[in-house]
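Asks: Structure file target-v8.cif (mmCIF, C-alpha atoms) right here:
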```cif
data_data
#
loop_
_atom_site.label_atom_id
_atom_site.label_comp_id
_atom_site.auth_asym_id
_atom_site.auth_seq_id
_atom_site.Cartn_x
_atom_site.Cartn_y
_atom_site.Cartn_z
CA MET A 1 85.06 88.98 81.46
CA SER A 2 85.67 92.71 81.42
CA GLU A 3 86.16 94.84 78.39
CA LYS A 4 89.76 95.25 77.21
CA PHE A 5 91.62 98.51 77.88
CA THR A 6 94.61 99.59 75.82
CA PHE A 7 97.21 102.20 76.73
CA THR A 8 100.81 103.29 76.26
CA LEU A 9 102.76 104.58 79.24
CA ASN A 10 105.09 107.56 79.26
CA GLU A 11 107.88 108.76 81.54
CA ASP A 12 105.53 111.05 83.48
CA ASP A 13 103.24 108.08 84.18
CA LEU A 14 106.15 106.16 85.65
CA GLY A 15 107.22 109.11 87.80
CA ALA A 16 103.69 109.64 89.12
CA ALA A 17 103.36 105.92 89.91
CA TYR A 18 106.64 105.96 91.87
CA ALA A 19 105.50 109.09 93.72
CA LEU A 20 102.28 107.32 94.72
CA SER A 21 104.22 104.24 95.80
CA VAL A 22 106.36 106.21 98.30
CA LYS A 23 103.50 108.35 99.55
CA ARG A 24 102.60 107.51 103.14
CA PRO A 25 99.63 108.57 105.26
CA ALA A 26 100.27 111.65 107.40
CA VAL A 27 99.63 109.63 110.57
CA GLU A 28 102.43 107.22 109.59
CA TRP A 29 104.88 110.08 108.94
CA ILE A 30 103.97 111.91 112.15
CA GLY A 31 104.25 108.68 114.14
CA SER A 32 107.70 108.02 112.66
CA VAL A 33 108.88 111.55 113.45
CA LEU A 34 107.64 111.32 117.02
CA LEU A 35 109.10 107.87 117.64
CA ILE A 36 112.51 108.66 116.15
CA GLY A 37 112.60 112.07 117.85
CA ILE A 38 111.70 110.64 121.26
CA LEU A 39 114.19 107.78 121.00
CA THR A 40 116.97 110.12 119.82
CA GLY A 41 116.19 112.61 122.59
CA ILE A 42 116.24 109.88 125.23
CA ALA A 43 119.53 108.50 123.88
CA ILE A 44 121.15 111.95 123.95
CA THR A 45 119.95 112.76 127.46
CA ALA A 46 120.97 109.31 128.73
CA MET A 47 124.57 110.23 127.91
CA ASP A 48 124.18 113.68 129.51
CA PRO A 49 125.23 113.92 133.17
CA CYS A 50 122.40 116.41 133.78
CA ASN A 51 119.37 114.49 135.11
CA ASP A 52 116.96 117.43 134.88
CA VAL A 53 113.52 116.38 133.57
CA ASN A 54 112.94 119.78 131.94
CA HIS A 55 116.23 119.46 130.07
CA THR A 56 115.25 115.96 128.89
CA ILE A 57 111.85 117.19 127.65
CA LYS A 58 113.53 120.14 125.89
CA VAL A 59 116.04 117.84 124.13
CA ILE A 60 113.27 115.41 123.08
CA GLY A 61 111.23 118.33 121.68
CA GLU A 62 114.26 119.63 119.79
CA MET A 63 114.94 116.17 118.35
CA ILE A 64 111.31 115.80 117.22
CA LEU A 65 111.55 119.15 115.41
CA LEU A 66 114.95 118.29 113.91
CA ILE A 67 113.84 114.84 112.72
CA GLY A 68 110.63 116.35 111.31
CA PHE A 69 112.64 118.96 109.41
CA ILE A 70 115.06 116.34 108.08
CA MET A 71 112.21 114.07 106.93
CA LEU A 72 110.50 117.04 105.24
CA ILE A 73 113.70 117.87 103.34
CA ILE A 74 114.15 114.22 102.35
CA GLY A 75 110.54 114.09 101.11
CA ILE A 76 111.03 117.23 99.02
CA ILE A 77 114.28 115.90 97.55
CA LEU A 78 112.57 112.58 96.73
CA ARG A 79 109.67 114.22 94.91
CA ILE A 80 111.51 117.01 93.11
CA TRP A 81 114.82 115.39 92.22
CA TRP A 82 115.16 111.66 92.88
CA ILE A 83 111.81 110.25 91.63
CA PRO A 84 111.86 112.13 88.27
CA ARG A 85 115.51 111.17 87.73
CA PHE A 86 114.84 107.54 88.65
CA ALA A 87 111.71 107.41 86.44
CA ARG A 88 113.65 108.79 83.43
CA LYS A 89 116.36 106.18 83.89
CA ILE A 90 113.98 103.24 84.32
CA TYR A 91 111.76 104.36 81.44
CA ARG A 92 114.81 104.61 79.18
CA GLN A 93 116.08 101.17 80.24
CA GLN A 94 112.84 99.18 80.33
CA LYS A 95 111.66 99.07 76.71
CA GLU A 96 108.54 97.12 77.61
CA LEU A 97 107.13 100.32 79.16
CA HIS A 98 107.11 101.95 75.70
CA LEU A 99 104.83 99.31 74.20
CA GLU A 100 101.10 99.49 73.81
CA THR A 101 99.59 97.32 76.55
CA THR A 102 96.14 95.79 76.86
CA ILE A 103 94.58 94.75 80.16
CA TRP A 104 91.40 92.91 81.06
CA TRP A 105 90.14 90.72 83.88
CA ASP A 106 87.71 87.97 84.73
CA ASP A 107 86.50 86.64 88.08
CA GLU A 108 89.81 84.98 88.88
CA LYS A 109 92.62 86.91 87.19
CA LEU A 110 93.93 90.21 85.88
CA TYR A 111 95.59 89.86 82.45
CA SER A 112 97.95 92.11 80.51
CA SER A 113 99.67 91.71 77.18
CA ASN A 114 101.90 93.64 74.83
CA ALA A 115 104.20 92.81 71.90
CA GLN A 116 106.79 91.27 74.27
CA THR A 117 104.93 89.59 77.10
CA GLN A 118 101.69 88.21 78.39
CA ARG A 119 101.08 88.22 82.13
CA GLN A 120 98.36 87.23 84.48
CA PHE A 121 97.83 87.79 88.17
CA ALA A 122 95.42 85.67 90.13
CA PHE A 123 93.51 88.18 92.23
CA ALA A 124 94.15 85.91 95.21
CA ASP A 125 97.92 86.38 94.72
CA ILE A 126 97.82 90.17 94.85
CA GLU A 127 99.34 91.20 98.17
CA LYS A 128 98.01 94.78 98.29
CA TRP A 129 96.98 97.71 96.13
CA ARG A 130 96.59 101.47 96.35
CA SER A 131 95.17 104.17 94.15
CA ASP A 132 94.65 107.86 93.69
CA GLU A 133 92.80 109.82 91.01
CA LYS A 134 95.51 109.13 88.40
CA PHE A 135 96.87 105.62 89.08
CA LEU A 136 96.10 102.22 90.41
CA LEU A 137 99.10 100.33 91.84
CA ILE A 138 98.86 96.56 92.15
CA TYR A 139 101.44 94.82 94.35
CA PRO A 140 102.16 91.12 93.82
CA SER A 141 104.62 91.51 96.73
CA ASP A 142 105.33 94.22 99.29
CA HIS A 143 107.84 96.16 97.19
CA GLN A 144 107.06 95.30 93.57
CA PHE A 145 104.14 96.90 91.80
CA ASP A 146 102.48 97.16 88.43
CA PHE A 147 100.49 100.26 87.67
CA LEU A 148 97.55 101.30 85.55
CA PRO A 149 96.77 104.90 84.66
CA THR A 150 93.11 105.52 85.47
CA ARG A 151 92.72 107.42 82.17
CA ILE A 152 92.50 104.04 80.39
CA PHE A 153 89.06 103.28 81.75
CA ASN A 154 86.22 104.28 79.45
CA HIS A 155 83.81 104.84 82.34
CA PRO A 156 84.24 105.37 86.09
CA ALA A 157 82.26 102.14 86.56
CA ASP A 158 85.09 100.17 84.89
CA ARG A 159 87.63 101.43 87.41
CA ALA A 160 85.15 100.90 90.24
CA GLU A 161 84.62 97.28 89.19
CA LEU A 162 88.35 96.54 89.25
CA ILE A 163 88.69 98.27 92.63
CA ARG A 164 85.79 96.19 94.01
CA ARG A 165 87.67 93.03 93.00
CA LEU A 166 90.85 94.31 94.63
CA GLN A 167 88.96 95.27 97.79
CA ALA A 168 87.51 91.77 98.00
CA VAL A 169 91.05 90.36 97.78
CA SER A 170 92.29 92.85 100.38
CA TYR A 171 89.55 91.78 102.77
CA THR A 172 90.41 88.11 102.23
CA HIS A 173 94.15 88.78 102.84
CA LEU A 174 93.32 90.79 105.96
CA ARG A 175 91.17 87.97 107.33
CA ALA A 176 93.91 85.43 106.52
CA HIS A 177 96.55 87.52 108.34
CA GLU A 178 94.23 87.92 111.34
CA THR A 179 93.71 84.15 111.43
CA GLU A 180 97.47 83.52 111.22
CA ALA A 181 98.05 85.98 114.06
CA ASP A 182 95.50 84.13 116.22
CA LEU A 183 97.36 80.83 115.88
#
```
Represent the supplied structure as structure tokens.
Replies:
Amino acid sequence: MSEKFTFTLNEDDLGAAYALSVKRPAVEWIGSVLLIGILTGIAITAMDPCNDVNHTIKVIGEMILLIGFIMLIIGIILRIWWIPRFARKIYRQQKELHLETTIWWDDEKLYSSNAQTQRQFAFADIEKWRSDEKFLLIYPSDHQFDFLPTRIFNHPADRAELIRRLQAVSYTHLRAHETEADL
């Protein structure tokens, strides 16, 4: 069994966790921009009586730039306005976030408790996880997550041990999904 780690969350923690949850790899964003831009450009030129290839390429390029600009603006709005506003509202509403929480784990499960609740996740039931230097997000399903600020760990080895357990689960899930796909 691991040592127990105690912490109290604040509104900034919640905002940073939400920001991490919506963060996507650059390759994913670029791929989305290209795909949407190309499809939009093709749709626009399909309705255009002009069948010039150069015109089609120009329209597709313009759509890629336009979609990229729109997604950039949406990303900025999300980070600067929507996520902080959303985090304030949720933090105000969800009183459990204000309580001192203790977490620990063993070989099978991750446990947490506070004055209101006690929870446990079997590592095998964790769908995915992600982390950065400030937070560790643990997803029991694709769109629901619990988060731990990395400041709670007394030593980097504590965080590394938990991540090793999560990586082992991730590998097992990946293998299971590959096996399902083969069937």
Asks: Distance atom CA of Phe135 of chain A-atom CA of Leu14 of chain A, one decimal place?
Replies: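 Going from atom CA of Phe135 of chain A over to atom CA of Leu14 of chain A, I get 9.9 Å.
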Asks: Kindly give the distance, in Å, that separates atom CA of Gly41 of chain A and atom CA of Val59 of chain A, rounded to a single decimal.
Replies: 5.5 Å
Asks: So what do you get for atom CA of Thr8 of chain A versus atom CA of Trp82 of chain A, distance-wise?
Replies: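 Atom-to-atom, atom CA of Thr8 of chain A to atom CA of Trp82 of chain A, that is 23.5 Å.
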Asks: Rank A:Ile103, A:Ala19, A:Met63, A:Ala122 by their smallest atom-to-atom distance to Phe86 of chain A, using all atoms listed in the file, and report the top residue only.
Replies: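 Looking only at the distances to Phe86 of chain A, the closest residue turns out to be A:Ala19.
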Asks: As a check of understanding, name the residues that the PyMOL selection byres ((chain A and resi 121) around 10) selects in the supplied structure, as a PyMOL selection string.
Replies: chain A and resi 105+108-112+119-120+122-126+138+140
Asks: Taking into account only C-alpha atoms, which residue in the set A:Thr150, A:Asn54, A:Gln118, A:Ser2 is nearest to Ala16 of chain A?
Replies: A:Thr150
Asks: Could you check the closest approach to Val33 of chain A for each of A:Asp48, A:Leu72, A:Tyr18, A:Ile57 and tell me which residue wins, using all atoms listed in the file?
Replies: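 Selected residue with least distance to Val33 of chain A: A:Leu72.
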Asks: Between A:Glu3, A:Ile30, A:Trp129, A:Ser21, which is the closest to His155 of chain A once you count only C-alpha atoms?
Replies: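 Once distances to His155 of chain A are computed over only C-alpha atoms, the minimum belongs to A:Glu3.
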Asks: Using all atoms listed in the file and a cutoff of 12 Å, can you tell me which residues are near (105.9, 110.1, 88.4) in the file's coordinates, and write them out as a ChimeraX atom specification?
Replies: /A:9-23,78-88,90-91,134-135,147,149
Asks: Between A:Lys128, A:Arg92, A:Arg164, A:Arg159, which has the minimum distance to Trp104 of chain A (counting only C-alpha atoms)?
Replies: A:Arg159
Asks: Using the chain letters and numbering of this document, enumerate as a list of chain:residue names the residues selected by the PyMOL selection byres ((chain A and resi 68) around 10).
Replies: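 Taken on the displayed file, the PyMOL selection byres ((chain A and resi 68) around 10) yields the residues A:Trp29, A:Ile30, A:Ser32, A:Val33, A:Leu34, A:Ile36, A:Gly37, A:Glu62, A:Met63, A:Ile64, A:Leu65, A:Leu66, A:Ile67, A:Phe69, A:Ile70, A:Met71, A:Leu72, A:Ile73, A:Ile74.
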Asks: With all atoms listed in the file as the basis for distance, which of A:Cys50, A:Ala26, A:Ile77, A:Leu137 is at the shortest distance from Leu166 of chain A?
Replies: A:Leu137
